[in-house]
file structure.txt (compact mmCIF, C-alpha atoms)
# COMPACT_ATOMS: atom_id res chain seq x y z
CA MET S 1 93.85 94.31 136.56
CA LEU S 2 92.40 94.92 133.12
CA LEU S 3 89.04 96.55 133.01
CA GLU S 4 87.27 96.31 129.72
CA ALA S 5 83.68 97.14 130.48
CA CYS S 6 83.67 100.62 128.99
CA SER S 7 84.55 99.45 125.52
CA LEU S 8 81.04 99.41 124.18
CA CYS S 9 80.21 103.01 124.97
CA TYR S 10 83.52 104.00 123.40
CA SER S 11 82.82 102.17 120.17
CA VAL S 12 79.41 103.77 119.90
CA LEU S 13 80.90 107.19 120.54
CA TYR S 14 83.72 106.76 118.08
CA SER S 15 81.77 105.17 115.28
CA SER S 16 79.94 108.45 114.90
CA ILE S 17 83.23 110.32 114.54
CA LEU S 18 84.89 108.11 111.94
CA ALA S 19 83.42 107.40 108.58
CA VAL S 20 82.29 103.84 107.90
CA LEU S 21 85.27 101.84 106.76
CA ALA S 22 85.85 98.67 104.85
CA GLY S 23 85.39 95.75 107.24
CA MET S 24 87.69 92.83 107.62
CA VAL S 25 86.32 89.89 109.64
CA ARG S 26 87.15 87.14 107.23
CA LEU S 27 86.74 83.41 107.71
CA ILE S 28 90.49 82.97 108.08
CA THR S 29 90.30 85.07 111.25
CA HIS S 30 87.05 83.54 112.45
CA ASN S 31 88.78 80.15 112.28
CA LEU S 32 91.32 81.37 114.86
CA LEU S 33 88.92 82.82 117.41
CA ALA S 34 87.57 80.95 120.41
CA CYS S 35 85.43 82.14 123.29
CA HIS S 36 87.70 83.21 126.13
CA ALA S 37 85.13 84.08 128.78
CA LYS S 38 85.86 82.95 132.32
CA GLY S 39 85.26 79.24 132.80
CA CYS S 40 84.35 78.66 129.14
CA THR S 41 86.97 76.10 128.16
CA SER S 42 85.21 73.41 126.16
CA ASN S 43 82.97 73.49 123.11
CA ASN S 44 83.98 77.19 122.83
CA PHE S 45 84.94 76.95 119.15
CA PRO S 46 83.93 77.75 116.46
CA LEU S 47 81.89 80.84 117.25
CA GLN S 48 78.53 80.90 115.45
CA PHE S 49 77.68 83.82 113.20
CA GLN S 50 74.47 85.66 113.98
CA ASP S 51 72.73 88.19 111.72
CA ALA S 52 75.83 88.40 109.57
CA ALA S 53 75.92 91.05 106.84
CA ILE S 54 78.57 90.06 104.33
CA GLU S 55 80.43 91.67 101.48
CA LEU S 56 82.59 90.01 98.86
CA ARG S 57 85.86 91.69 97.95
CA ASP S 58 88.70 90.52 95.75
CA ALA S 59 91.97 89.63 97.45
CA GLU S 60 95.38 88.93 95.95
CA PHE S 61 95.84 85.19 95.33
CA ASN S 62 98.94 83.57 96.83
CA ALA S 63 99.14 79.79 96.52
CA ASP S 64 102.20 79.49 98.78
CA PHE S 65 100.42 81.34 101.54
CA LEU S 66 97.36 79.10 101.25
CA ARG S 67 99.43 75.91 101.31
CA GLY S 68 101.41 77.20 104.28
CA PHE S 69 98.36 78.30 106.21
CA LEU S 70 96.21 75.24 105.59
CA PRO S 71 97.71 73.13 108.44
CA ARG S 72 96.54 75.81 110.89
CA ILE S 73 92.94 75.65 109.71
CA GLU S 74 90.30 73.62 111.56
CA TRP S 75 88.66 72.25 108.46
CA PRO S 76 85.15 71.32 109.67
CA ALA S 77 84.87 74.73 111.38
CA LEU S 78 85.78 76.49 108.15
CA VAL S 79 83.33 74.48 106.07
CA GLY S 80 80.59 75.05 108.65
CA ALA S 81 81.18 78.80 108.86
CA ALA S 82 81.22 79.14 105.07
CA ARG S 83 77.93 77.25 104.79
CA GLN S 84 76.44 79.45 107.51
CA LEU S 85 77.30 82.41 105.29
CA GLY S 86 75.79 80.76 102.22
CA ASP S 87 78.94 79.41 100.56
CA ALA S 88 78.92 75.64 100.02
CA SER S 89 81.89 75.46 97.65
CA LEU S 90 84.25 73.59 100.00
CA PRO S 91 84.17 69.80 100.35
CA ALA S 92 83.27 68.39 103.79
CA GLU S 93 86.56 66.49 103.87
CA GLN S 94 89.81 68.34 103.34
CA PRO S 95 91.25 67.07 100.04
CA GLU S 96 94.74 65.62 99.95
CA MET S 97 95.50 67.04 96.54
CA LEU S 98 95.89 70.80 96.69
CA ASP S 99 95.21 71.52 93.04
CA ASP S 100 94.63 74.98 91.66
CA GLU S 101 90.86 74.61 91.50
CA PHE S 102 90.74 73.76 95.19
CA LEU S 103 93.15 76.55 96.16
CA GLN S 104 91.00 79.08 94.29
CA LYS S 105 87.94 77.99 96.28
CA LEU S 106 89.90 78.06 99.51
CA HIS S 107 91.24 81.52 98.66
CA HIS S 108 87.73 82.84 98.13
CA VAL S 109 86.31 81.36 101.33
CA LEU S 110 89.21 82.33 103.58
CA LEU S 111 90.01 85.78 102.24
CA GLU S 112 87.21 87.27 100.16
CA ILE S 113 84.09 86.90 102.32
CA HIS S 114 83.92 89.79 104.77
CA VAL S 115 81.48 89.94 107.65
CA GLU S 116 80.70 93.62 108.17
CA GLU S 117 78.00 93.56 110.83
CA GLY S 118 76.41 91.01 113.11
CA ALA S 119 77.86 88.96 115.90
CA MET S 120 79.71 85.80 116.79
CA VAL S 121 78.15 83.70 119.54
CA CYS S 122 79.88 81.10 121.70
CA PRO S 123 78.30 77.67 121.17
CA ASN S 124 78.92 76.83 124.82
CA CYS S 125 78.29 79.86 127.08
CA LYS S 126 76.37 81.91 124.47
CA HIS S 127 78.57 84.96 124.98
CA VAL S 128 77.90 87.41 122.14
CA TYR S 129 80.86 89.09 120.44
CA PRO S 130 79.45 91.91 118.28
CA ILE S 131 80.93 92.86 114.91
CA SER S 132 80.66 96.51 113.99
CA ASN S 133 82.11 98.12 110.84
CA GLY S 134 84.00 94.88 110.30
CA ILE S 135 85.74 95.00 113.68
CA PRO S 136 84.89 92.24 116.14
CA ASN S 137 84.60 93.25 119.76
CA MET S 138 86.31 90.45 121.66
CA LEU S 139 86.58 92.37 124.93
CA LEU S 140 85.07 90.93 128.07
CA ALA S 141 83.63 92.73 131.08
CA GLU S 142 85.81 92.51 134.17
CA HIS S 143 83.75 89.74 135.80
CA GLU S 144 83.97 87.65 132.61
CA ILE S 145 87.79 87.65 132.39
CA GLY S 146 89.24 84.26 133.23
CA MET Y 1 115.07 101.13 102.16
CA ILE Y 2 111.48 100.39 103.03
CA PRO Y 3 109.38 103.54 103.19
CA THR Y 4 107.71 104.48 106.47
CA PRO Y 5 103.97 103.77 106.13
CA ASP Y 6 101.82 106.57 104.79
CA LEU Y 7 99.80 107.97 107.70
CA SER Y 8 98.58 111.08 105.88
CA HIS Y 9 94.96 109.89 106.30
CA LEU Y 10 95.25 110.30 110.09
CA LYS Y 11 94.63 113.79 111.44
CA SER Y 12 95.59 115.52 114.65
CA ALA Y 13 92.09 114.75 115.99
CA ASP Y 14 92.87 111.02 115.59
CA PHE Y 15 96.04 111.44 117.62
CA GLU Y 16 94.03 112.80 120.53
CA HIS Y 17 92.79 109.24 121.02
CA VAL Y 18 95.50 107.11 119.45
CA TYR Y 19 99.23 107.13 120.12
CA GLU Y 20 101.05 108.97 117.35
CA PRO Y 21 104.14 107.12 116.07
CA ALA Y 22 107.22 108.41 117.84
CA GLU Y 23 110.81 107.34 118.52
CA ASP Y 24 109.71 104.08 120.17
CA THR Y 25 107.69 103.22 117.06
CA PHE Y 26 110.52 104.11 114.71
CA ILE Y 27 113.11 102.02 116.54
CA LEU Y 28 110.82 99.01 116.12
CA LEU Y 29 110.46 99.76 112.40
CA ASP Y 30 114.24 100.05 112.12
CA ALA Y 31 114.77 96.72 113.90
CA LEU Y 32 112.30 95.00 111.57
CA GLU Y 33 113.95 96.57 108.55
CA GLU Y 34 117.38 95.35 109.66
CA ASP Y 35 115.94 91.84 109.97
CA ALA Y 36 113.94 92.10 106.74
CA ASN Y 37 115.77 89.34 104.84
CA ASP Y 38 115.65 86.95 107.80
CA LEU Y 39 111.98 87.65 108.30
CA ARG Y 40 111.18 86.95 104.65
CA ASP Y 41 113.18 83.71 104.82
CA LEU Y 42 111.04 82.52 107.73
CA GLN Y 43 108.00 82.67 105.41
CA PRO Y 44 105.72 83.85 108.20
CA ARG Y 45 102.05 82.97 107.73
CA THR Y 46 100.65 84.51 110.89
CA CYS Y 47 101.73 87.88 112.28
CA LEU Y 48 100.16 89.33 115.40
CA GLU Y 49 100.72 92.78 116.84
CA ILE Y 50 99.46 93.57 120.33
CA GLY Y 51 98.38 97.17 120.90
CA SER Y 52 98.55 98.25 117.27
CA GLY Y 53 97.59 101.90 117.85
CA SER Y 54 97.84 103.76 114.54
CA GLY Y 55 98.65 100.52 112.68
CA CYS Y 56 102.00 101.88 111.52
CA VAL Y 57 104.10 98.89 112.61
CA THR Y 58 101.98 96.14 111.07
CA ALA Y 59 101.60 98.16 107.85
CA PHE Y 60 105.39 98.34 107.75
CA LEU Y 61 105.74 94.61 108.40
CA GLY Y 62 103.27 94.00 105.59
CA SER Y 63 105.39 96.00 103.19
CA ILE Y 64 108.46 93.96 104.20
CA LEU Y 65 106.79 90.57 103.79
CA GLY Y 66 104.25 91.31 101.04
CA SER Y 67 100.58 91.97 101.58
CA ALA Y 68 99.38 88.53 100.43
CA SER Y 69 102.18 86.49 102.04
CA SER Y 70 100.89 86.47 105.58
CA LEU Y 71 97.84 87.04 107.72
CA TYR Y 72 98.17 90.31 109.63
CA LEU Y 73 96.22 90.31 112.87
CA THR Y 74 96.24 93.10 115.43
CA THR Y 75 94.59 93.71 118.77
CA ASP Y 76 94.00 96.89 120.73
CA ILE Y 77 91.66 97.68 123.63
CA ASN Y 78 91.09 101.15 122.18
CA PRO Y 79 88.31 101.04 119.55
CA TYR Y 80 89.59 104.21 117.97
CA ALA Y 81 93.00 102.53 117.51
CA CYS Y 82 91.34 99.54 115.80
CA LYS Y 83 89.74 101.90 113.30
CA CYS Y 84 93.00 103.75 112.66
CA THR Y 85 94.82 100.43 112.22
CA LYS Y 86 92.28 99.39 109.62
CA THR Y 87 92.50 102.63 107.65
CA THR Y 88 96.28 102.59 107.84
CA GLY Y 89 96.21 99.08 106.37
CA ALA Y 90 93.96 100.25 103.55
CA GLN Y 91 96.07 103.36 102.92
CA ASN Y 92 99.19 101.20 102.60
CA LYS Y 93 97.52 98.29 100.76
CA VAL Y 94 98.12 95.80 103.56
CA PRO Y 95 95.00 93.86 104.59
CA ILE Y 96 95.18 94.19 108.37
CA GLU Y 97 92.53 92.58 110.56
CA PRO Y 98 92.20 94.57 113.77
CA LEU Y 99 90.30 93.11 116.70
CA LEU Y 100 89.08 94.95 119.75
CA ALA Y 101 90.71 92.71 122.32
CA SER Y 102 93.11 92.62 125.22
CA LEU Y 103 96.56 91.20 124.43
CA ALA Y 104 96.19 87.87 122.58
CA SER Y 105 93.18 86.68 124.61
CA PRO Y 106 90.78 85.43 121.91
CA PHE Y 107 93.61 83.69 119.99
CA ARG Y 108 95.21 81.77 122.82
CA ARG Y 109 93.43 78.50 122.10
CA ARG Y 110 93.71 78.47 118.31
CA LEU Y 111 97.08 80.19 117.83
CA ARG Y 112 98.90 77.91 120.23
CA ARG Y 113 102.48 77.77 118.94
CA SER Y 114 101.33 79.26 115.65
CA VAL Y 115 102.38 82.91 115.67
CA ASP Y 116 105.37 83.46 113.40
CA ILE Y 117 105.94 87.11 114.20
CA LEU Y 118 104.65 88.61 117.42
CA LEU Y 119 105.09 92.35 117.99
CA PHE Y 120 104.50 94.39 121.12
CA ASN Y 121 105.32 98.03 121.73
CA PRO Y 122 103.79 98.13 125.20
CA PRO Y 123 102.96 100.93 127.58
CA TYR Y 124 106.45 100.90 129.10
CA VAL Y 125 106.65 104.17 131.01
CA PRO Y 126 106.96 103.62 134.77
CA THR Y 127 103.96 105.26 136.49
CA GLU Y 128 101.91 104.82 139.64
CA SER Y 129 100.07 101.50 139.46
CA ASP Y 130 96.60 103.01 139.67
CA GLU Y 131 97.49 105.36 136.83
CA ALA Y 132 98.20 102.35 134.61
CA ASP Y 133 95.02 100.55 135.75
CA SER Y 134 92.88 103.58 135.07
CA ALA Y 135 94.51 104.10 131.66
CA GLN Y 136 93.70 100.53 130.63
CA GLN Y 137 90.19 100.90 131.98
CA HIS Y 138 89.51 103.94 129.85
CA ALA Y 139 91.14 102.30 126.83
CA ASP Y 140 92.27 105.65 125.52
CA ILE Y 141 95.57 107.25 124.73
CA ALA Y 142 97.15 107.09 128.21
CA GLY Y 143 96.82 103.30 127.94
CA ALA Y 144 99.45 103.51 125.21
CA TRP Y 145 102.19 104.62 127.59
CA ALA Y 146 101.26 104.31 131.28
CA GLY Y 147 103.04 101.13 132.33
CA GLY Y 148 102.60 101.03 136.09
CA ARG Y 149 105.31 99.71 138.39
CA ASP Y 150 108.64 99.51 136.49
CA GLY Y 151 106.58 100.12 133.35
CA MET Y 152 106.01 96.37 133.21
CA VAL Y 153 102.38 95.78 134.23
CA LEU Y 154 101.11 94.85 130.75
CA THR Y 155 104.41 93.48 129.49
CA ASP Y 156 104.61 91.04 132.42
CA ILE Y 157 101.24 89.56 131.49
CA LEU Y 158 102.19 89.08 127.85
CA LEU Y 159 105.66 87.68 128.64
CA GLU Y 160 103.96 84.76 130.40
CA GLN Y 161 102.03 83.97 127.19
CA VAL Y 162 104.71 84.39 124.53
CA GLU Y 163 106.06 80.85 124.65
CA SER Y 164 102.61 79.34 124.14
CA LEU Y 165 101.99 81.62 121.14
CA LEU Y 166 105.25 81.42 119.19
CA SER Y 167 105.56 78.93 116.36
CA PRO Y 168 108.67 76.71 116.30
CA THR Y 169 110.56 79.30 114.24
CA GLY Y 170 108.59 82.25 115.58
CA ARG Y 171 110.04 85.55 116.70
CA PHE Y 172 108.86 88.02 119.26
CA TYR Y 173 109.88 91.69 119.12
CA LEU Y 174 109.40 93.79 122.25
CA VAL Y 175 110.04 97.50 122.74
CA ALA Y 176 111.39 98.38 126.18
CA VAL Y 177 113.24 101.11 128.05
CA LYS Y 178 116.20 100.76 130.36
CA GLN Y 179 114.05 101.09 133.51
CA ASN Y 180 112.17 97.92 132.50
CA ASP Y 181 115.36 95.95 133.36
CA ILE Y 182 116.45 94.58 129.99
CA LYS Y 183 118.78 91.97 131.42
CA GLY Y 184 116.14 90.79 133.86
CA ILE Y 185 113.56 90.37 131.09
CA CYS Y 186 115.94 88.29 128.96
CA GLN Y 187 117.02 86.16 131.91
CA ARG Y 188 113.44 85.48 132.94
CA MET Y 189 112.38 84.53 129.41
CA LEU Y 190 115.27 82.10 129.13
CA GLU Y 191 114.93 80.49 132.55
CA ARG Y 192 111.17 80.25 132.69
CA HIS Y 193 110.22 79.81 129.05
CA GLY Y 194 113.31 78.66 127.18
CA LEU Y 195 113.20 81.70 124.91
CA GLN Y 196 116.47 83.29 123.93
CA GLY Y 197 116.44 87.08 123.94
CA GLU Y 198 118.87 89.59 122.57
CA VAL Y 199 119.04 93.30 121.96
CA ALA Y 200 118.18 93.84 118.31
CA LEU Y 201 118.62 97.59 118.52
CA GLN Y 202 119.08 100.29 121.13
CA ARG Y 203 119.34 104.05 121.08
CA ARG Y 204 118.85 107.11 123.19
CA ALA Y 205 115.95 109.37 122.29
CA GLY Y 206 115.73 112.40 124.54
CA ARG Y 207 115.43 111.11 128.11
CA GLU Y 208 114.57 107.57 127.03
CA HIS Y 209 117.03 104.78 126.43
CA LEU Y 210 115.04 102.61 124.04
CA PHE Y 211 115.57 98.93 123.24
CA VAL Y 212 114.09 96.47 120.82
CA LEU Y 213 114.42 92.93 122.16
CA ARG Y 214 114.15 89.92 119.89
CA PHE Y 215 113.19 86.51 121.28
CA ARG Y 216 113.12 83.08 119.71
CA ARG Y 217 113.11 79.49 120.86
CA GLN Y 218 116.43 78.10 122.01
CA GLN Y 219 118.17 76.22 119.26
CA PRO Y 220 118.64 72.55 120.17
CA ALA Y 221 122.22 71.83 121.22
CA THR Y 222 124.30 70.34 118.44
call {"tool": "encode", "arguments": {"input": "structure.txt", "output": "structure tokens"}}
result
Amino acid sequence: MLLEACSLCYSVLYSSILAVLAGMVRLITHNLLACHAKGCTSNNFPLQFQDAAIELRDAEFNADFLRGFLPRIEWPALVGAARQLGDASLPAEQPEMLDDEFLQKLHHVLLEIHVEEGAMVCPNCKHVYPISNGIPNMLLAEHEIG
Amino acid sequence: MIPTPDLSHLKSADFEHVYEPAEDTFILLDALEEDANDLRDLQPRTCLEIGSGSGCVTAFLGSILGSASSLYLTTDINPYACKCTKTTGAQNKVPIEPLLASLASPFRRRLRRSVDILLFNPPYVPTESDEADSAQQHADIAGAWAGGRDGMVLTDILLEQVESLLSPTGRFYLVAVKQNDIKGICQRMLERHGLQGEVALQRRAGREHLFVLRFRRQQPAT
């Protein structure tokens, strides 16, 4: 059996040991995360950002990667999350033509917006997944593991 | 020759909490390097490493594939490991996204049949079962090696999930030792999940006989 309840005290302990590091929760990752608490199987995606502190950082542009990854993206969830973080550059409908202008916008939203602090909250069961130093804590307590 | 990732930013104090790369890590790096051309040809978009520890393996994979060619996700239940993974990514210019999570749990819905490269160097050392449970509970360094009965407690859980995670052309690399029953693992993956396994690399290192197993979906009969 996996016991995960102690994680929080550990992260508090360790964060004082290690210097603050560059965070990495980006919208590309957020788009792949669903609530996995016990019994929470519908309306558990996308997680809603709460009190998000963001940073913008340049990332290397790779059009092939973006084209290849796009089929794995849930478009409305991406657009919604970006708007929640104050970026309204993406169209509500996913365009059919993947021109360079669109790919540049997609690149920025997916890869250059970093959520450093805050939380992600399940829209269904309201489970809170905290983000600290850019690392999301997706662990569940033992009684929450499905 | 792909250089071993630079870990000079990690100090001995870090390795009190996080598993320091050793022979089992290096055999996985060697297996990935041998497959480097194949892996590039697959054009992987999503790579996921379970139990990333120091971050050495995913940093190495990133240098094989190119830092902007794929998304590099890692999980670990040890928060200290997540931080080391992140700094190792930065040190080696590979943008790794570590998550504090158990196995692939938070990705199972959205990465269904979408992981192109899945890596797991599990706690494979046979120990008493409660030793493995307690190690996972404390999410510290013993969790990196204490594997419970046959050294397979954690591996068994992940093996049941691999098929649902792998993309159509996806590959799964698993580190194991002889006591884990290599033949049994491959047979089970084929019979229960239709995944073909083979030994990518094996070697003796001290008392351990180490293996890297490579799994992929069965090719349709021609």
call {"tool": "axis_aligned_box", "arguments": {"input": "structure.txt", "around": "segment 182-196 of chain Y", "padding_each_side": "3 Å", "output": "lines of an AutoDock Vina configuration file"}}
result
center_x = 114.5
center_y = 86.6
center_z = 128.9
size_x = 14.6
size_y = 21.9
size_z = 15.9
call {"tool": "residues_around", "arguments": {"input": "structure.txt", "residues": "segment 29-31 of chain S", "least_positions_apart": "5", "cutoff": "7 Å", "atoms": "only C-alpha atoms", "output": "ChimeraX atom specification"}}
result
/S:46,73-74,77-78
call {"tool": "write_last_selection", "arguments": {"input": "structure.txt", "atoms": "C-alpha atoms", "output": "CSV table (one decimal), keeping the file's coordinate frame"}}
result
chain,number,residue,atom,x,y,z
S,46,PRO,CA,83.9,77.8,116.5
S,73,ILE,CA,92.9,75.6,109.7
S,74,GLU,CA,90.3,73.6,111.6
S,77,ALA,CA,84.9,74.7,111.4
S,78,LEU,CA,85.8,76.5,108.2
call {"tool": "closest_residue", "arguments": {"input": "structure.txt", "among": "Y:Tyr80, Y:Tyr72, Y:Phe211, Y:Trp145", "to": "Arg45 of chain Y", "atoms": "all atoms listed in the file"}}
result
Y:Tyr72
call {"tool": "closest_atom_pairs", "arguments": {"input": "structure.txt", "of": "chain Y", "to": "chain S", "cutoff": "9 Å", "atoms": "only C-alpha atoms", "output": "tab-separated table"}}
result
residue	atom	partner	partner_atom	distance
Y:Gln43	CA	S:Phe65	CA	8.6
Y:Pro44	CA	S:Gly68	CA	8.8
Y:Arg45	CA	S:Phe69	CA	6.1
Y:Thr46	CA	S:Phe69	CA	8.1
Y:Ser67	CA	S:Glu60	CA	8.2
Y:Ala68	CA	S:Glu60	CA	6.0
Y:Ser69	CA	S:Phe65	CA	5.5
Y:Ser70	CA	S:Phe65	CA	6.5
Y:Leu71	CA	S:Ile28	CA	8.4
Y:Leu73	CA	S:Thr29	CA	8.1
Y:Ile77	CA	S:Leu139	CA	7.5
Y:Asn78	CA	S:Ser7	CA	7.5
Y:Pro79	CA	S:Ser11	CA	5.6
Y:Tyr80	CA	S:Tyr14	CA	6.4
Y:Cys82	CA	S:Ile135	CA	7.5
Y:Lys83	CA	S:Leu21	CA	7.9
Y:Lys86	CA	S:Leu21	CA	8.0
Y:Thr87	CA	S:Leu21	CA	7.3
Y:Ala90	CA	S:Ala22	CA	8.4
Y:Pro95	CA	S:Met24	CA	8.0
Y:Ile96	CA	S:Met24	CA	7.6
Y:Glu97	CA	S:Met24	CA	5.7
Y:Pro98	CA	S:Ile135	CA	6.5
Y:Leu99	CA	S:Pro136	CA	5.5
Y:Leu100	CA	S:Asn137	CA	4.8
Y:Ala101	CA	S:Leu139	CA	4.9
Y:Ser102	CA	S:Leu139	CA	6.5
Y:Ser105	CA	S:His36	CA	6.7
Y:Pro106	CA	S:Leu33	CA	5.5
Y:Phe107	CA	S:Leu33	CA	5.4
Y:Arg108	CA	S:Ala34	CA	8.1
Y:Arg109	CA	S:Ala34	CA	6.6
Y:Arg110	CA	S:Leu32	CA	5.1
Y:Leu111	CA	S:Leu32	CA	6.6
Y:Ser114	CA	S:Arg72	CA	7.6
Y:Asp133	CA	S:Met1	CA	6.4
Y:Ser134	CA	S:Leu3	CA	8.3
Y:Gln136	CA	S:Leu2	CA	6.3
Y:Gln137	CA	S:Leu3	CA	4.6
Y:His138	CA	S:Cys6	CA	6.8
Y:Ala139	CA	S:Ser7	CA	7.3
Y:Val153	CA	S:Met1	CA	9.0
call {"tool": "closest_residue", "arguments": {"input": "structure.txt", "among": "Y:Cys186, Y:Val199, Y:Val94, Y:Leu174", "to": "Pro5 of chain Y", "atoms": "all atoms listed in the file"}}
result
Y:Val94
call {"tool": "atom_distance", "arguments": {"input": "structure.txt", "atom1": "atom CA of Glu128 of chain Y", "atom2": "atom CA of Gly148 of chain Y"}}
result
5.2 Å
call {"tool": "residues_around", "arguments": {"input": "structure.txt", "residues": "Asn92 of chain Y", "least_positions_apart": "5", "cutoff": "12 Å", "atoms": "only C-alpha atoms", "output": "PyMOL selection string"}}
result
chain Y and resi 3-9+55-64+66-67+85-87
call {"tool": "atom_distance", "arguments": {"input": "structure.txt", "atom1": "atom CA of Thr155 of chain Y", "atom2": "atom CA of Gln202 of chain Y"}}
result
18.2 Å
call {"tool": "atom_distance", "arguments": {"input": "structure.txt", "atom1": "atom CA of Val115 of chain S", "atom2": "atom CA of Glu55 of chain S"}}
result
6.5 Å
call {"tool": "residues_near_point", "arguments": {"input": "structure.txt", "point": "(85.0, 80.8, 99.3)", "cutoff": "10 Å", "atoms": "all atoms listed in the file", "output": "ChimeraX atom specification"}}
result
/S:27,56,78-79,82-83,85-90,102-113
call {"tool": "residues_around", "arguments": {"input": "structure.txt", "residues": "segment 27-33 of chain Y", "least_positions_apart": "6", "cutoff": "7 Å", "atoms": "all atoms listed in the file", "output": "list in words"}}
result
Val57, Val175, Ala200, Leu201 and Val212 of chain Y
call {"tool": "residues_around", "arguments": {"input": "structure.txt", "residues": "Val162 of chain Y", "least_positions_apart": "3", "cutoff": "9 Å", "atoms": "only C-alpha atoms", "output": "VMD selection string"}}
result
chain Y and resid 113 118 158 to 159 165 to 166 172 193 195
call {"tool": "write_last_selection", "arguments": {"input": "structure.txt", "atoms": "C-alpha atoms", "output": "JSON list (two decimals), in the coordinates of the input"}}
result
[["chain", "number", "residue", "atom", "x", "y", "z"],
["Y", 113, "ARG", "CA", 102.48, 77.77, 118.94],
["Y", 118, "LEU", "CA", 104.65, 88.61, 117.42],
["Y", 158, "LEU", "CA", 102.19, 89.08, 127.85],
["Y", 159, "LEU", "CA", 105.66, 87.68, 128.64],
["Y", 165, "LEU", "CA", 101.99, 81.62, 121.14],
["Y", 166, "LEU", "CA", 105.25, 81.42, 119.19],
["Y", 172, "PHE", "CA", 108.86, 88.02, 119.26],
["Y", 193, "HIS", "CA", 110.22, 79.81, 129.05],
["Y", 195, "LEU", "CA", 113.20, 81.70, 124.91]]
call {"tool": "closest_residue", "arguments": {"input": "structure.txt", "among": "Y:Leu154, Y:Asp24, Y:Leu190, Y:Tyr19", "to": "Glu208 of chain Y", "atoms": "all atoms listed in the file"}}
result
Y:Asp24
